[in-house]
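Asker: Input data.cif, format and content: mmCIF, C-alpha atoms and all ligand atoms.
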data_model
#
loop_
_atom_site.label_atom_id
_atom_site.label_comp_id
_atom_site.auth_asym_id
_atom_site.auth_seq_id
_atom_site.Cartn_x
_atom_site.Cartn_y
_atom_site.Cartn_z
CA MET A 1 9.37 12.39 6.23
CA ALA A 2 6.25 14.21 4.95
CA GLY A 3 5.44 15.67 8.36
CA ILE A 4 3.22 15.21 11.37
CA ILE A 5 -0.18 16.90 11.32
CA TRP A 6 -1.68 17.23 14.80
CA HIS A 7 -5.44 17.45 15.20
CA ASP A 8 -7.18 18.40 18.41
CA ARG A 9 -10.21 16.15 17.93
CA VAL A 10 -11.09 13.70 15.16
CA ASP A 11 -13.30 10.64 14.92
CA SER A 12 -10.39 8.33 14.15
CA THR A 13 -7.01 9.12 12.61
CA ASN A 14 -7.33 6.00 10.45
CA SER A 15 -10.76 7.05 9.20
CA LEU A 16 -9.49 10.57 8.53
CA ALA A 17 -6.45 9.25 6.64
CA LEU A 18 -8.64 6.96 4.53
CA ARG A 19 -11.00 9.84 3.72
CA GLN A 20 -8.05 12.04 2.67
CA ILE A 21 -5.96 9.31 1.10
CA SER A 22 -5.95 10.76 -2.42
CA THR A 23 -4.39 14.05 -1.22
CA LEU A 24 -2.02 12.85 1.48
CA ASP A 25 1.69 12.56 0.70
CA ASN A 26 3.61 9.38 1.27
CA LEU A 27 4.80 9.24 4.92
CA SER A 28 2.20 11.72 6.19
CA VAL A 29 1.39 11.25 9.85
CA LEU A 30 -2.01 12.26 11.23
CA ALA A 31 -2.08 12.48 15.01
CA ALA A 32 -4.93 13.34 17.35
CA ARG A 33 -5.09 14.63 20.90
CA GLU A 34 -8.52 13.02 21.07
CA GLN A 35 -10.36 10.41 19.02
CA THR A 36 -14.14 10.29 19.40
CA ALA A 37 -14.53 7.00 17.52
CA GLY A 38 -11.16 5.29 17.75
CA ARG A 39 -11.25 1.96 15.98
CA GLY A 40 -9.57 -1.30 16.93
CA GLN A 41 -9.27 -4.68 15.32
CA ARG A 42 -12.31 -6.88 14.66
CA GLY A 43 -14.66 -3.87 14.85
CA ASN A 44 -13.68 -3.08 18.46
CA ARG A 45 -13.39 0.48 19.78
CA TRP A 46 -10.04 1.94 20.79
CA LEU A 47 -10.46 3.87 24.02
CA SER A 48 -7.86 6.44 24.99
CA ARG A 49 -8.17 9.39 27.38
CA PRO A 50 -7.86 12.75 25.54
CA GLY A 51 -4.39 14.27 25.69
CA GLU A 52 -2.82 11.36 27.58
CA ASN A 53 -1.70 8.96 24.87
CA LEU A 54 -0.47 8.68 21.29
CA THR A 55 -3.12 7.98 18.67
CA PHE A 56 -1.89 8.43 15.12
CA SER A 57 -1.79 7.02 11.61
CA LEU A 58 1.15 6.77 9.24
CA VAL A 59 0.27 6.80 5.54
CA LEU A 60 2.35 4.77 3.09
CA ARG A 61 1.80 5.19 -0.62
CA PHE A 62 3.10 2.78 -3.22
CA GLY A 63 3.72 3.38 -6.91
CA GLU A 64 3.99 6.89 -8.35
CA GLY A 65 5.14 9.42 -5.75
CA GLY A 66 5.63 6.71 -3.14
CA PHE A 67 7.48 3.47 -2.47
CA PRO A 68 8.12 0.92 -5.20
CA PRO A 69 5.14 -1.40 -5.75
CA LEU A 70 4.44 -3.90 -2.94
CA ALA A 71 2.70 -7.16 -3.81
CA ALA A 72 -0.51 -7.75 -1.85
CA LYS A 73 0.90 -11.07 -0.65
CA GLN A 74 3.77 -9.14 0.97
CA ALA A 75 1.41 -6.80 2.83
CA CYS A 76 2.02 -8.76 6.04
CA ARG A 77 5.43 -7.04 6.14
CA ILE A 78 3.64 -3.89 7.25
CA ASN A 79 2.02 -5.77 10.14
CA ILE A 80 5.40 -7.10 11.20
CA LEU A 81 7.22 -3.79 10.83
CA ALA A 82 4.88 -1.67 12.94
CA PRO A 83 5.05 -3.58 16.25
CA VAL A 84 8.82 -4.03 15.97
CA ALA A 85 9.24 -0.26 15.53
CA VAL A 86 6.99 0.41 18.54
CA ARG A 87 8.93 -2.18 20.55
CA ASP A 88 12.18 -0.39 19.58
CA PHE A 89 10.76 2.93 20.79
CA LEU A 90 9.44 1.50 24.07
CA ARG A 91 12.66 -0.38 24.73
CA GLU A 92 14.66 2.81 24.25
CA GLU A 93 12.40 4.45 26.86
CA GLY A 94 13.35 1.68 29.28
CA CYS A 95 10.24 -0.47 28.88
CA ASP A 96 10.71 -4.18 28.29
CA CYS A 97 7.91 -5.40 26.03
CA ARG A 98 6.77 -8.26 23.83
CA ILE A 99 4.84 -8.50 20.57
CA LYS A 100 1.63 -10.46 20.81
CA TRP A 101 0.91 -11.97 17.41
CA PRO A 102 -0.02 -10.48 15.06
CA ASN A 103 0.65 -6.88 16.10
CA ASP A 104 -0.21 -5.95 19.68
CA VAL A 105 2.54 -4.84 22.03
CA PHE A 106 2.45 -6.05 25.63
CA ALA A 107 4.40 -4.86 28.67
CA GLY A 108 4.20 -6.53 32.06
CA GLY A 109 1.63 -8.96 30.62
CA LYS A 110 -0.75 -6.12 29.64
CA LYS A 111 -1.51 -4.33 26.40
CA ILE A 112 0.42 -1.09 25.93
CA CYS A 113 -0.10 -0.62 22.18
CA GLY A 114 -2.64 -1.64 19.55
CA ILE A 115 -2.15 -1.42 15.81
CA LEU A 116 -4.74 -1.34 13.05
CA VAL A 117 -3.33 -1.61 9.51
CA GLU A 118 -5.76 -0.82 6.72
CA ASN A 119 -4.53 -1.44 3.19
CA GLY A 120 -5.99 -0.29 -0.11
CA LEU A 121 -5.34 -2.83 -2.86
CA ASP A 122 -5.13 -2.28 -6.59
CA GLY A 123 -5.17 -5.64 -8.33
CA GLY A 124 -2.36 -7.69 -6.84
CA LEU A 125 -0.61 -4.65 -5.40
CA VAL A 126 -0.88 -2.55 -2.26
CA ALA A 127 -1.82 0.98 -3.38
CA HIS A 128 -1.67 2.54 0.07
CA SER A 129 -1.48 1.52 3.69
CA VAL A 130 -2.75 3.35 6.75
CA ILE A 131 -0.89 2.18 9.85
CA GLY A 132 -2.96 3.23 12.86
CA ILE A 133 -1.13 3.07 16.18
CA GLY A 134 -2.35 3.70 19.70
CA ILE A 135 0.36 3.75 22.37
CA ASN A 136 -0.70 4.26 25.97
CA MET A 137 1.76 6.85 27.23
CA ASN A 138 0.67 8.86 30.29
CA GLN A 139 -2.70 7.29 31.18
CA ARG A 140 -2.55 5.68 34.63
CA VAL A 141 -6.18 4.68 35.17
CA PHE A 142 -7.96 2.34 32.75
CA ASP A 143 -11.58 2.21 33.91
CA GLU A 144 -13.02 -0.40 31.56
CA LEU A 145 -9.76 -1.96 30.44
CA ALA A 146 -8.44 -4.40 33.01
CA ASN A 147 -5.73 -5.66 30.72
CA ALA A 148 -4.21 -2.31 29.70
CA THR A 149 -1.03 -0.57 30.78
CA SER A 150 0.96 2.48 29.70
CA LEU A 151 4.56 3.57 29.40
CA SER A 152 4.02 5.77 32.42
CA CYS A 153 2.70 2.81 34.46
CA MET A 154 5.80 0.87 33.48
CA THR A 155 8.44 3.54 34.14
CA GLY A 156 6.77 6.00 36.53
CA LYS A 157 7.65 8.91 34.20
CA GLN A 158 5.55 11.42 32.23
CA TYR A 159 6.07 11.89 28.51
CA ASP A 160 5.85 14.78 26.03
CA LEU A 161 3.53 13.42 23.34
CA HIS A 162 4.89 15.52 20.46
CA ALA A 163 8.52 14.58 21.13
CA SER A 164 7.55 10.93 21.69
CA LEU A 165 5.67 10.76 18.41
CA GLU A 166 8.71 12.01 16.53
CA LYS A 167 10.75 9.22 18.09
CA VAL A 168 8.18 6.53 17.18
CA VAL A 169 7.94 7.79 13.59
CA ALA A 170 11.75 7.67 13.31
CA LYS A 171 11.66 4.03 14.45
CA LEU A 172 8.98 3.21 11.86
CA GLU A 173 10.95 4.89 9.10
CA ALA A 174 14.11 3.04 10.08
CA TRP A 175 12.42 -0.29 9.26
CA LEU A 176 10.77 0.79 5.99
CA PRO A 177 13.56 -0.73 3.82
CA ALA A 178 12.25 -4.14 5.01
CA LEU A 179 9.20 -3.63 2.78
CA ARG A 180 11.30 -4.14 -0.35
CA ASP A 181 14.68 -5.50 0.66
CA GLY A 182 14.86 -9.24 1.43
CA ASP A 183 17.82 -8.97 3.82
CA ALA A 184 16.19 -6.14 5.77
CA TYR A 185 12.95 -8.15 5.93
CA ALA A 186 14.88 -11.18 7.24
CA ALA A 187 16.41 -8.97 9.95
CA LEU A 188 12.96 -7.56 10.78
CA ARG A 189 11.50 -11.06 11.12
CA ARG A 190 14.33 -12.07 13.44
CA GLU A 191 13.54 -9.06 15.65
CA TYR A 192 9.83 -9.86 15.58
CA ASP A 193 10.44 -13.53 16.40
CA ALA A 194 12.77 -12.72 19.28
CA ALA A 195 10.16 -10.37 20.79
CA LEU A 196 7.19 -12.72 20.39
CA PHE A 197 4.94 -12.97 23.45
CA ARG A 198 4.72 -16.52 24.86
CA LYS A 199 7.02 -17.92 22.20
CA GLY A 200 8.15 -21.45 23.02
CA VAL A 201 5.79 -21.70 25.99
CA VAL A 202 2.92 -24.19 26.28
CA CYS A 203 -0.31 -22.18 26.56
CA GLN A 204 -3.99 -22.48 25.84
CA TYR A 205 -5.17 -21.02 22.53
CA ARG A 206 -8.45 -20.93 20.69
CA ASN A 207 -8.68 -22.01 17.06
CA LEU A 208 -11.06 -19.28 15.87
CA LEU A 209 -12.02 -21.29 12.78
CA THR A 210 -13.33 -24.24 14.82
CA ASP A 211 -13.87 -22.34 18.10
CA LYS A 212 -11.97 -25.16 19.89
CA LEU A 213 -9.46 -24.64 22.70
CA PHE A 214 -6.13 -26.40 22.39
CA SER A 215 -2.81 -26.55 24.11
CA GLY A 216 -0.09 -25.12 21.85
CA ILE A 217 3.34 -23.59 21.52
CA ILE A 218 3.93 -20.56 19.28
CA GLU A 219 7.15 -21.33 17.41
CA GLY A 220 7.35 -18.11 15.34
CA VAL A 221 5.93 -16.53 12.20
CA ASP A 222 6.43 -17.68 8.63
CA GLU A 223 7.32 -15.57 5.56
CA GLU A 224 3.66 -14.61 5.16
CA GLY A 225 3.26 -13.53 8.78
CA ARG A 226 1.23 -16.58 9.80
CA ALA A 227 1.70 -17.85 13.35
CA VAL A 228 3.40 -21.25 13.34
CA VAL A 229 2.06 -23.24 16.28
CA THR A 230 2.73 -26.75 17.57
CA ASN A 231 -0.57 -28.27 18.61
CA CYS A 232 0.42 -30.18 21.76
CA ASP A 233 -2.87 -32.11 21.77
CA ASP A 234 -2.21 -33.90 18.47
CA GLY A 235 1.49 -33.09 17.80
CA SER A 236 0.80 -31.32 14.49
CA LEU A 237 2.42 -28.09 13.30
CA GLN A 238 -0.27 -25.61 12.28
CA ARG A 239 -0.23 -22.19 10.60
CA PHE A 240 -2.75 -19.52 11.52
CA SER A 241 -3.58 -16.45 9.48
CA PHE A 242 -4.79 -13.19 10.97
CA LYS A 243 -8.03 -13.67 12.97
CA GLU A 244 -7.67 -17.47 13.09
CA LEU A 245 -5.89 -17.78 16.46
CA GLY A 246 -7.06 -16.44 19.80
CA TYR A 247 -4.98 -16.12 22.96
CA ILE A 248 -6.40 -17.06 26.34
CA LEU A 249 -5.05 -14.28 28.53
C1 LIG B 301 -6.38 -2.85 18.34
O1 LIG B 301 -5.56 -3.23 19.17
O2 LIG B 301 -7.52 -3.30 18.31
C2 LIG B 301 -5.96 -1.81 17.34
C3 LIG B 301 -6.06 -0.43 17.92
C4 LIG B 301 -5.60 0.65 16.97
C5 LIG B 301 -5.82 2.02 17.56
C6 LIG B 301 -5.24 3.11 16.71
S1 LIG B 301 -5.32 4.68 17.51
C7 LIG B 301 -4.89 5.48 16.04
C8 LIG B 301 -5.60 4.77 14.92
N1 LIG B 301 -6.94 5.31 14.75
C9 LIG B 301 -7.89 4.45 15.05
O3 LIG B 301 -9.11 4.67 15.01
N2 LIG B 301 -7.33 3.29 15.42
C10 LIG B 301 -5.90 3.34 15.35
#
Just give me the structure of the file as structure tokens.
Answerer:
Amino acid sequence: MAGIIWHDRVDSTNSLALRQISTLDNLSVLAAREQTAGRGQRGNRWLSRPGENLTFSLVLRFGEGGFPPLAAKQACRINILAPVAVRDFLREEGCDCRIKWPNDVFAGGKKICGILVENGLDGGLVAHSVIGIGINMNQRVFDELANATSLSCMTGKQYDLHASLEKVVAKLEAWLPALRDGDAYAALRREYDAALFRKGVVCQYRNLLTDKLFSGIIEGVDEEGRAVVTNCDDGSLQRFSFKELGYIL
């Protein structure tokens, strides 16, 4: 492990990591007590009360000085690895949780963790990856966020953020072999599949390509990380890439 660098206040640990990417070692972790411009998926903000939660980014480098090259088409492995590692950490803390495709973590039907993976590509290869993770730890009141929860809400306990981050990073590192080893990736996918939120249950979804609602069943994810969904309205089996499928919560 390259080491955890704690910052008191940054705009966003992902933005900071991307700005410093050429000088950061493989496996560097940038953590912040406070983010002033935390970023979420689809251009959303990530809101987190200062000093109450984990907000950090893990840097992976590929090629010289880092991991063996990773093909861009295998980049989805990073998106599968991160929520499984967070699930492992939360489960060890006594919190039962599920992975909402593609990489949110839910506990008690509410979001406890969000993940923003930002990859730098070089031709057909991943040059670096910044895995940004926000885990709600000690925050108990979520003013604007009706659908958020925290580890503390789930267990009633308070957590030391530094010690907790070390545990999460250890869980992430434990799954890193799945980036290059087929058997480890198969095991990772089994874990992901078993933890999938609403798997096998008929629910309403939105096809974000057509903006149409449909009744469907998430069956799992394929090798490329696409959600495999039975469309109950027409009986077809459909595959959705990132940003093509919306949940109705
Ligand atoms: C999402 O669910 O929309 C993704 C949220 C990702 C938040 C984390 S917090 C640490 C890192 N820095 C950011 O600005 N975002 C990620």
Asker: Considering only C-alpha atoms and all ligand atoms, give me a table of residues in chain A that are at most 6 Å from ligand LIG 301 (chain B), with the closest atom pair and distance in Å for each, as a tab-separated table.
Answerer:
residue	atom	partner	partner_atom	distance
A:Ser12	CA	B:LIG301	O3	4.0
A:Thr13	CA	B:LIG301	N1	4.4
A:Asn14	CA	B:LIG301	N1	4.4
A:Gly38	CA	B:LIG301	O3	3.5
A:Arg39	CA	B:LIG301	O3	3.6
A:Gly40	CA	B:LIG301	O2	3.2
A:Gln41	CA	B:LIG301	O2	3.7
A:Trp46	CA	B:LIG301	C5	5.3
A:Thr55	CA	B:LIG301	C7	4.0
A:Phe56	CA	B:LIG301	C7	4.3
A:Ser57	CA	B:LIG301	C8	5.5
A:Gly114	CA	B:LIG301	O1	3.3
A:Ile115	CA	B:LIG301	C2	4.1
A:Leu116	CA	B:LIG301	C4	4.5
A:Gly132	CA	B:LIG301	C8	3.7
A:Ile133	CA	B:LIG301	C6	4.1
A:Gly134	CA	B:LIG301	S1	3.8
Asker: Quick one: distance from atom CA of A:Leu70 to atom CA of A:Ala186 in Å, one decimal?
Answerer: 16.3 Å
Asker: Need to verify the contact set: A:Arg49, 12 Å, all atoms listed in the file, exclusion of same-chain residues closer than 4 positions in sequence. Can you return it as a list in words?
Answerer: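 Selected residues are Arg9, Ala32, Arg33, Glu34, Gln35, Thr36, Ala37, Gly38, Asn53, Leu54, Thr55, Gly134, Ile135, Asn136, Met137, Asn138, Gln139, Arg140, Val141, Phe142, Asp143, Glu144, Leu145 and Ser150 of chain A.
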Asker: With distances taken over all atoms listed in the file, which residue among A:His7, A:Arg198, A:Arg87, A:Lys243 lies nearest A:Asp211?
Answerer: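 Going through A:His7, A:Arg198, A:Arg87, A:Lys243 one by one, the smallest distance to A:Asp211 is for A:Lys243.
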Asker: Can you tell me how far atom CA of A:Leu30 sits from atom CA of A:Ala82, in Å to one decimal?
Answerer: 15.6 Å
Asker: What is the atom CA of A:Glu93 to atom CA of A:Leu47 distance in Å?
Answerer: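 Value for the atom CA of A:Glu93-atom CA of A:Leu47 distance: 23.0 Å.
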Asker: Using all atoms listed in the file, pick whichever of A:Asp88, A:Asp122, A:Glu52, A:Asp11 has the shortest atom-to-atom distance to A:Tyr192.
Answerer: A:Asp88
Asker: May I ask which of the residues A:Phe106, A:Trp101, A:Phe67, A:Tyr247 is the closest one to A:Asn207, counting all atoms listed in the file?
Answerer: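 Looking only at the distances to A:Asn207, the closest residue turns out to be A:Tyr247.
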Asker: Can you tell me, as a list in words, what residues are no more than 7 Å from A:Glu224 when counting all atoms listed in the file, ignoring any on the same chain fewer than 2 positions away?
Answerer: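 My list of contacting residues is Gln74, Cys76, Asp222 and Arg226 of chain A.
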Asker: Excluding A:Ile217 and residues on its chain fewer than 4 positions from it, collect all residues at most 8 Å away from it, counting all atoms listed in the file, and give them as a count of residues only.
Answerer: 10
Asker: Centre and edge lengths of an axis-aligned box around all listed atoms of stretch 240-244 of chain A, with 3 Å added on each side, are to be given in Å to one decimal, as lines of an AutoDock Vina configuration file.
Answerer:
center_x = -5.4
center_y = -16.4
center_z = 11.3
size_x = 11.3
size_y = 12.3
size_z = 9.6
Asker: Do a neighbour search on A:Leu245 at 8 Å with all atoms listed in the file, toss out local chain neighbours closer than 6 positions, and write the hits as a ChimeraX atom specification.
Answerer: /A:205-209
Asker: Nearest to A:Leu27 among A:Val130, A:Leu179, A:Ala187, A:Ala85, with distances taken over only C-alpha atoms: which residue is it?
Answerer: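 Under the stated criterion, the closest residue is A:Val130.
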Asker: Looking at all atoms listed in the file, which of A:Ala31, A:Ile78, A:Leu237, A:Ile218 is the one that sits closest to A:His128?
Answerer: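 Nearest candidate to A:His128 out of A:Ala31, A:Ile78, A:Leu237, A:Ile218: A:Ile78.
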Asker: Place a sphere of radius 9 Å on (-4.5, -15.0, 32.9) in the file coordinates and name every protein, DNA or RNA residue with an atom inside or on its surface, counting only C-alpha atoms; give the answer as a PDB file with C-alpha atoms, in the frame of the given file.
Answerer:
ATOM      1  CA  GLY A 109       1.630  -8.960  30.620  1.00  0.00           C
ATOM      2  CA  ILE A 248      -6.400 -17.060  26.340  1.00  0.00           C
ATOM      3  CA  LEU A 249      -5.050 -14.280  28.530  1.00  0.00           C
TER       4      LEU A 249
END
Asker: Regenerate stretch 237-248 of chain A at the level of all heavy atoms and dump it as a PDB file, in the coordinates of the input.
Answerer:
ATOM      1  N   LEU A 237       1.949 -29.472  13.427  1.00  0.00           N
ATOM      2  CA  LEU A 237       2.420 -28.090  13.300  1.00  0.00           C
ATOM      3  C   LEU A 237       1.401 -27.350  12.437  1.00  0.00           C
ATOM      4  O   LEU A 237       1.121 -27.763  11.313  1.00  0.00           O
ATOM      5  CB  LEU A 237       3.794 -28.078  12.624  1.00  0.00           C
ATOM      6  CG  LEU A 237       4.562 -26.759  12.693  1.00  0.00           C
ATOM      7  CD1 LEU A 237       4.943 -26.414  14.125  1.00  0.00           C
ATOM      8  CD2 LEU A 237       5.831 -26.840  11.833  1.00  0.00           C
ATOM      9  N   GLN A 238       0.810 -26.286  12.994  1.00  0.00           N
ATOM     10  CA  GLN A 238      -0.270 -25.610  12.280  1.00  0.00           C
ATOM     11  C   GLN A 238       0.120 -24.162  12.003  1.00  0.00           C
ATOM     12  O   GLN A 238       0.888 -23.569  12.742  1.00  0.00           O
ATOM     13  CB  GLN A 238      -1.558 -25.655  13.107  1.00  0.00           C
ATOM     14  CG  GLN A 238      -1.985 -27.087  13.413  1.00  0.00           C
ATOM     15  CD  GLN A 238      -3.236 -27.145  14.295  1.00  0.00           C
ATOM     16  OE1 GLN A 238      -3.480 -26.264  15.110  1.00  0.00           O
ATOM     17  NE2 GLN A 238      -3.994 -28.200  14.134  1.00  0.00           N
ATOM     18  N   ARG A 239      -0.452 -23.598  10.934  1.00  0.00           N
ATOM     19  CA  ARG A 239      -0.230 -22.190  10.600  1.00  0.00           C
ATOM     20  C   ARG A 239      -1.544 -21.447  10.678  1.00  0.00           C
ATOM     21  O   ARG A 239      -2.556 -21.927  10.162  1.00  0.00           O
ATOM     22  CB  ARG A 239       0.329 -22.078   9.169  1.00  0.00           C
ATOM     23  CG  ARG A 239       1.767 -22.472   9.104  1.00  0.00           C
ATOM     24  CD  ARG A 239       2.217 -22.759   7.673  1.00  0.00           C
ATOM     25  NE  ARG A 239       3.384 -23.614   7.745  1.00  0.00           N
ATOM     26  CZ  ARG A 239       4.634 -23.160   7.816  1.00  0.00           C
ATOM     27  NH1 ARG A 239       4.868 -21.873   7.768  1.00  0.00           N
ATOM     28  NH2 ARG A 239       5.650 -23.996   7.923  1.00  0.00           N
ATOM     29  N   PHE A 240      -1.519 -20.308  11.337  1.00  0.00           N
ATOM     30  CA  PHE A 240      -2.750 -19.520  11.520  1.00  0.00           C
ATOM     31  C   PHE A 240      -2.589 -18.161  10.880  1.00  0.00           C
ATOM     32  O   PHE A 240      -1.623 -17.450  11.161  1.00  0.00           O
ATOM     33  CB  PHE A 240      -3.066 -19.340  13.007  1.00  0.00           C
ATOM     34  CG  PHE A 240      -3.441 -20.619  13.695  1.00  0.00           C
ATOM     35  CD1 PHE A 240      -2.470 -21.431  14.274  1.00  0.00           C
ATOM     36  CD2 PHE A 240      -4.767 -21.028  13.754  1.00  0.00           C
ATOM     37  CE1 PHE A 240      -2.812 -22.616  14.900  1.00  0.00           C
ATOM     38  CE2 PHE A 240      -5.125 -22.208  14.383  1.00  0.00           C
ATOM     39  CZ  PHE A 240      -4.144 -23.005  14.951  1.00  0.00           C
ATOM     40  N   SER A 241      -3.562 -17.798  10.038  1.00  0.00           N
ATOM     41  CA  SER A 241      -3.580 -16.450   9.480  1.00  0.00           C
ATOM     42  C   SER A 241      -4.253 -15.526  10.476  1.00  0.00           C
ATOM     43  O   SER A 241      -4.846 -15.971  11.468  1.00  0.00           O
ATOM     44  CB  SER A 241      -4.347 -16.433   8.156  1.00  0.00           C
ATOM     45  OG  SER A 241      -3.656 -17.228   7.230  1.00  0.00           O
ATOM     46  N   PHE A 242      -4.153 -14.239  10.175  1.00  0.00           N
ATOM     47  CA  PHE A 242      -4.790 -13.190  10.970  1.00  0.00           C
ATOM     48  C   PHE A 242      -6.238 -13.581  11.281  1.00  0.00           C
ATOM     49  O   PHE A 242      -6.950 -14.046  10.398  1.00  0.00           O
ATOM     50  CB  PHE A 242      -4.732 -11.925  10.120  1.00  0.00           C
ATOM     51  CG  PHE A 242      -5.006 -10.667  10.842  1.00  0.00           C
ATOM     52  CD1 PHE A 242      -4.433 -10.413  12.073  1.00  0.00           C
ATOM     53  CD2 PHE A 242      -5.828  -9.707  10.280  1.00  0.00           C
ATOM     54  CE1 PHE A 242      -4.680  -9.229  12.732  1.00  0.00           C
ATOM     55  CE2 PHE A 242      -6.087  -8.516  10.933  1.00  0.00           C
ATOM     56  CZ  PHE A 242      -5.506  -8.290  12.169  1.00  0.00           C
ATOM     57  N   LYS A 243      -6.659 -13.399  12.511  1.00  0.00           N
ATOM     58  CA  LYS A 243      -8.030 -13.670  12.970  1.00  0.00           C
ATOM     59  C   LYS A 243      -8.372 -15.152  13.063  1.00  0.00           C
ATOM     60  O   LYS A 243      -9.542 -15.515  13.129  1.00  0.00           O
ATOM     61  CB  LYS A 243      -9.073 -12.969  12.102  1.00  0.00           C
ATOM     62  CG  LYS A 243      -8.979 -11.454  12.112  1.00  0.00           C
ATOM     63  CD  LYS A 243     -10.035 -10.817  11.245  1.00  0.00           C
ATOM     64  CE  LYS A 243      -9.848  -9.324  11.183  1.00  0.00           C
ATOM     65  NZ  LYS A 243     -10.609  -8.658  10.164  1.00  0.00           N
ATOM     66  N   GLU A 244      -7.373 -16.032  12.986  1.00  0.00           N
ATOM     67  CA  GLU A 244      -7.670 -17.470  13.090  1.00  0.00           C
ATOM     68  C   GLU A 244      -7.221 -18.050  14.428  1.00  0.00           C
ATOM     69  O   GLU A 244      -7.562 -19.179  14.746  1.00  0.00           O
ATOM     70  CB  GLU A 244      -6.976 -18.228  11.951  1.00  0.00           C
ATOM     71  CG  GLU A 244      -7.561 -17.913  10.586  1.00  0.00           C
ATOM     72  CD  GLU A 244      -6.915 -18.678   9.444  1.00  0.00           C
ATOM     73  OE1 GLU A 244      -5.921 -19.402   9.668  1.00  0.00           O
ATOM     74  OE2 GLU A 244      -7.410 -18.532   8.315  1.00  0.00           O
ATOM     75  N   LEU A 245      -6.429 -17.272  15.195  1.00  0.00           N
ATOM     76  CA  LEU A 245      -5.890 -17.780  16.460  1.00  0.00           C
ATOM     77  C   LEU A 245      -6.192 -16.785  17.573  1.00  0.00           C
ATOM     78  O   LEU A 245      -5.910 -15.598  17.443  1.00  0.00           O
ATOM     79  CB  LEU A 245      -4.369 -17.964  16.336  1.00  0.00           C
ATOM     80  CG  LEU A 245      -3.652 -18.497  17.577  1.00  0.00           C
ATOM     81  CD1 LEU A 245      -3.968 -19.982  17.778  1.00  0.00           C
ATOM     82  CD2 LEU A 245      -2.132 -18.312  17.448  1.00  0.00           C
ATOM     83  N   GLY A 246      -6.767 -17.306  18.669  1.00  0.00           N
ATOM     84  CA  GLY A 246      -7.060 -16.440  19.800  1.00  0.00           C
ATOM     85  C   GLY A 246      -6.222 -16.846  21.012  1.00  0.00           C
ATOM     86  O   GLY A 246      -6.024 -18.032  21.282  1.00  0.00           O
ATOM     87  N   TYR A 247      -5.716 -15.860  21.700  1.00  0.00           N
ATOM     88  CA  TYR A 247      -4.980 -16.120  22.960  1.00  0.00           C
ATOM     89  C   TYR A 247      -5.982 -16.249  24.094  1.00  0.00           C
ATOM     90  O   TYR A 247      -7.004 -15.575  24.105  1.00  0.00           O
ATOM     91  CB  TYR A 247      -4.084 -14.946  23.306  1.00  0.00           C
ATOM     92  CG  TYR A 247      -2.804 -14.828  22.519  1.00  0.00           C
ATOM     93  CD1 TYR A 247      -2.802 -14.458  21.181  1.00  0.00           C
ATOM     94  CD2 TYR A 247      -1.583 -15.054  23.128  1.00  0.00           C
ATOM     95  CE1 TYR A 247      -1.624 -14.316  20.475  1.00  0.00           C
ATOM     96  CE2 TYR A 247      -0.398 -14.915  22.421  1.00  0.00           C
ATOM     97  CZ  TYR A 247      -0.428 -14.544  21.099  1.00  0.00           C
ATOM     98  OH  TYR A 247       0.748 -14.394  20.412  1.00  0.00           O
ATOM     99  N   ILE A 248      -5.655 -17.053  25.090  1.00  0.00           N
ATOM    100  CA  ILE A 248      -6.400 -17.060  26.340  1.00  0.00           C
ATOM    101  C   ILE A 248      -5.524 -16.317  27.340  1.00  0.00           C
ATOM    102  O   ILE A 248      -4.468 -16.822  27.732  1.00  0.00           O
ATOM    103  CB  ILE A 248      -6.687 -18.511  26.836  1.00  0.00           C
ATOM    104  CG1 ILE A 248      -7.302 -19.359  25.703  1.00  0.00           C
ATOM    105  CG2 ILE A 248      -7.563 -18.495  28.076  1.00  0.00           C
ATOM    106  CD1 ILE A 248      -8.637 -18.895  25.188  1.00  0.00           C
TER     107      ILE A 248
END
